[in-house]
Amino acid sequence: LETVVEANGLDRFPLFGISQGGPIAITYAAKHPEKVSHLILHGSYARGRLHRRPDAEQLREIEMFNELIALGWGKSNPAFRQVFTSLFMPEASLEQMQWFNDLQRVSTSPENAVKIRKTFSTIDVTELVPKINIPTLILHSRNDAIVSFQEGRHLATLIPGARFVPLESSNHILLEDEPAWGQFLAEINQFLGLADIEDTIATAVTELNQPAFKDLTLREREILELLAQGHRNSEIAQKLFLAPKTVRNYISNIFSKLGVHSRGEAIVLAREAGFGRGSSQPPT
């Protein structure tokens with residue numbers, strides 16, 4: 001994780017950890033608090049299963065699943081992997097389950113899958129969690145069968161000032177066609193301060209009649225919206241958690257797609273199309 005951050009030249013950014021990625025994100029945030037602006041955790045925990053005082057039956061279950069992975073993970077028949085899929089996404093459609101069955105097999109070998117599962121069972125970051133001193137949002141499905149809802153709530157009690165959001169779902173991996181997915185996105189956008197930008201972009205896009213604007217990606221529309229509001233490159237970079245050089249590259253692409261040669265031309269064209277309504281600040 002440190003290598004990826006360094007390679008991308010990221011100065012300060014929100015960090016998102018899902019499931020066992022949560023303890024990793026917590027460790028990074030505790031070690032590099034100057035780098036992480038917001039911490040978002042979903043379906044996560046501070047302590048692996050072996051640190052939750054498992055009883056004899058739970059220990060047998062842990063060993064059984066490890067053996068199941070070793071025997072059946074790599075087989076072309078998805079019957080073994082279907083056990084995990086049913087726990088991860090019990091409300092999934094047949095097509096979604098088939099997708100996840102295939103994803104498991106191609107993503108890693110049976111040997112590595114066993115090593116990964118054993119490692120995550122022994123994770124314990126409870127001593128690091130109280131050191132987190134950045135805005136933190138924790139989301140957790142109420143009927144999650146992979147990481148219990150109680151474990152997510154326990155994690156939230158350990159991080160000072162953390163906001164805990166229950167999601168009405170049984171899926172560990174949320175699906176885009178369930179109501180909890182919309183709540184999940186809305187909570188994160190609001191937490192990161194992106195909700196107003198999204199609303200303004202959505203209004204502008206529905207009013208577009210110039211084909212050039214429809215060719216813009218979502219990220220380019222976000223940047224164009226902030227340009228139209230009068231923000232400088234450095235402000236855009238900070239607001240969208242991008243490197244300044246990345247913002248400059250995006251703006252060059254926007255100019256090319258819109259057929260303009262200056263910032264002023266782009267702002268005028270954007271405001272005519274409905275962008276920039278999120279602020280009364282004049283263009284620079």
# chains A, B, ... in the order shown; residues from 1 in each chain; ligands from 1
call {"tool": "residues_around", "arguments": {"residues": "region 63-71 of chain A", "least_positions_apart": "2", "cutoff": "9 Å", "atoms": "only C-alpha atoms", "output": "ChimeraX atom specification"}}
result
/A:58-61,73-75,80-81,84,110-111,113-115,117-118
call {"tool": "closest_atom_pairs", "arguments": {"of": "region 32-63 of chain A", "to": "region 177-192 of chain A", "cutoff": "12 Å", "atoms": "only C-alpha atoms", "output": "CSV"}}
result
residue,atom,partner,partner_atom,distance
A:Ser37,CA,A:Leu192,CA,9.3
A:His38,CA,A:Leu192,CA,7.5
A:Leu39,CA,A:Phe191,CA,9.8
A:Ile40,CA,A:Ile188,CA,7.8
A:Leu41,CA,A:Ile188,CA,10.1
A:His42,CA,A:Phe184,CA,9.3
A:Gly43,CA,A:Phe184,CA,11.6
call {"tool": "write_last_selection", "arguments": {"atoms": "all heavy atoms", "output": "CSV table (one decimal), in the first residue's frame"}}
result
chain,number,residue,atom,x,y,z
A,37,SER,N,-6.8,11.8,4.6
A,37,SER,CA,-7.7,12.9,5.0
A,37,SER,C,-9.0,12.3,5.6
A,37,SER,O,-9.6,12.9,6.5
A,37,SER,CB,-8.1,13.7,3.7
A,37,SER,OG,-8.7,12.9,2.7
A,38,HIS,N,-9.5,11.2,5.1
A,38,HIS,CA,-10.7,10.5,5.6
A,38,HIS,C,-10.5,9.0,5.6
A,38,HIS,O,-9.8,8.5,4.6
A,38,HIS,CB,-11.9,10.8,4.7
A,38,HIS,CG,-12.3,12.3,4.6
A,38,HIS,ND1,-11.5,13.2,3.8
A,38,HIS,CD2,-13.3,13.0,5.1
A,38,HIS,CE1,-12.1,14.4,3.9
A,38,HIS,NE2,-13.1,14.3,4.7
A,39,LEU,N,-11.0,8.3,6.5
A,39,LEU,CA,-11.0,6.9,6.6
A,39,LEU,C,-12.4,6.3,6.5
A,39,LEU,O,-13.3,6.7,7.2
A,39,LEU,CB,-10.3,6.4,7.9
A,39,LEU,CG,-10.1,4.9,8.1
A,39,LEU,CD1,-9.2,4.3,7.0
A,39,LEU,CD2,-9.6,4.6,9.5
A,40,ILE,N,-12.6,5.4,5.5
A,40,ILE,CA,-13.9,4.8,5.3
A,40,ILE,C,-13.7,3.3,5.4
A,40,ILE,O,-12.9,2.7,4.7
A,40,ILE,CB,-14.5,5.2,3.9
A,40,ILE,CG1,-14.5,6.7,3.7
A,40,ILE,CG2,-15.8,4.6,3.7
A,40,ILE,CD1,-14.8,7.2,2.3
A,41,LEU,N,-14.5,2.7,6.2
A,41,LEU,CA,-14.4,1.2,6.4
A,41,LEU,C,-15.8,0.6,6.2
A,41,LEU,O,-16.8,1.1,6.7
A,41,LEU,CB,-13.9,0.9,7.8
A,41,LEU,CG,-12.6,1.6,8.2
A,41,LEU,CD1,-12.3,1.4,9.7
A,41,LEU,CD2,-11.4,1.1,7.4
A,42,HIS,N,-15.8,-0.5,5.4
A,42,HIS,CA,-17.0,-1.2,5.2
A,42,HIS,C,-16.9,-2.7,5.5
A,42,HIS,O,-16.0,-3.4,5.0
A,42,HIS,CB,-17.5,-1.0,3.7
A,42,HIS,CG,-18.6,-1.9,3.4
A,42,HIS,ND1,-19.8,-1.9,4.0
A,42,HIS,CD2,-18.7,-2.9,2.4
A,42,HIS,CE1,-20.7,-2.8,3.5
A,42,HIS,NE2,-20.0,-3.4,2.5
A,43,GLY,N,-17.8,-3.3,6.3
A,43,GLY,CA,-17.8,-4.7,6.6
A,43,GLY,C,-16.5,-5.1,7.2
A,43,GLY,O,-16.0,-6.2,6.9
call {"tool": "closest_residue", "arguments": {"among": "A:Gly276, A:Gly9, A:Pro244, A:Gly48", "to": "Ile123 (chain A)", "atoms": "only C-alpha atoms"}}
result
A:Gly48
call {"tool": "closest_residue", "arguments": {"among": "A:Ala92, A:Leu174, A:Leu227, A:Leu15", "to": "Phe241 (chain A)", "atoms": "only C-alpha atoms"}}
result
A:Leu15
call {"tool": "closest_residue", "arguments": {"among": "A:Ala273, A:Ile173, A:Arg52, A:Ser234", "to": "Lys214 (chain A)", "atoms": "only C-alpha atoms"}}
result
A:Ala273
call {"tool": "select_by_dssp", "arguments": {"residues": "region 133-190 of chain A", "states": "strand (DSSP E)", "output": "ChimeraX atom specification"}}
result
/A:136-141,163-167
call {"tool": "atom_distance", "arguments": {"atom1": "CA of Ser109 (chain A)", "atom2": "CA of Gly152 (chain A)"}}
result
28.8 Å
call {"tool": "closest_residue", "arguments": {"among": "A:Ala228, A:Leu216, A:Ile223, A:Met89", "to": "Glu272 (chain A)", "atoms": "only C-alpha atoms"}}
result
A:Ala228
call {"tool": "select_by_dssp", "arguments": {"residues": "region 66-118 of chain A", "states": "alpha helix (DSSP H)", "output": "ChimeraX atom specification"}}
result
/A:66-72,79-88,94-107,110-118
call {"tool": "closest_residue", "arguments": {"among": "A:Thr85, A:Gln229, A:Asn249, A:Ser93", "to": "Arg277 (chain A)", "atoms": "only C-alpha atoms"}}
result
A:Gln229
call {"tool": "atom_distance", "arguments": {"atom1": "CA of Ile26 (chain A)", "atom2": "CA of Val125 (chain A)"}}
result
7.6 Å
call {"tool": "atom_distance", "arguments": {"atom1": "CA of Arg142 (chain A)", "atom2": "CA of Gly17 (chain A)"}}
result
17.8 Å
call {"tool": "closest_residue", "arguments": {"among": "A:Ser86, A:Ala56, A:Asp11, A:Phe164", "to": "Glu151 (chain A)", "atoms": "only C-alpha atoms"}}
result
A:Phe164
call {"tool": "residues_around", "arguments": {"residues": "Phe149 (chain A)", "least_positions_apart": "5", "cutoff": "10 Å", "atoms": "only C-alpha atoms", "output": "VMD selection string"}}
result
chain A and resid 43 to 45 139 to 144 154 to 155 166 to 167
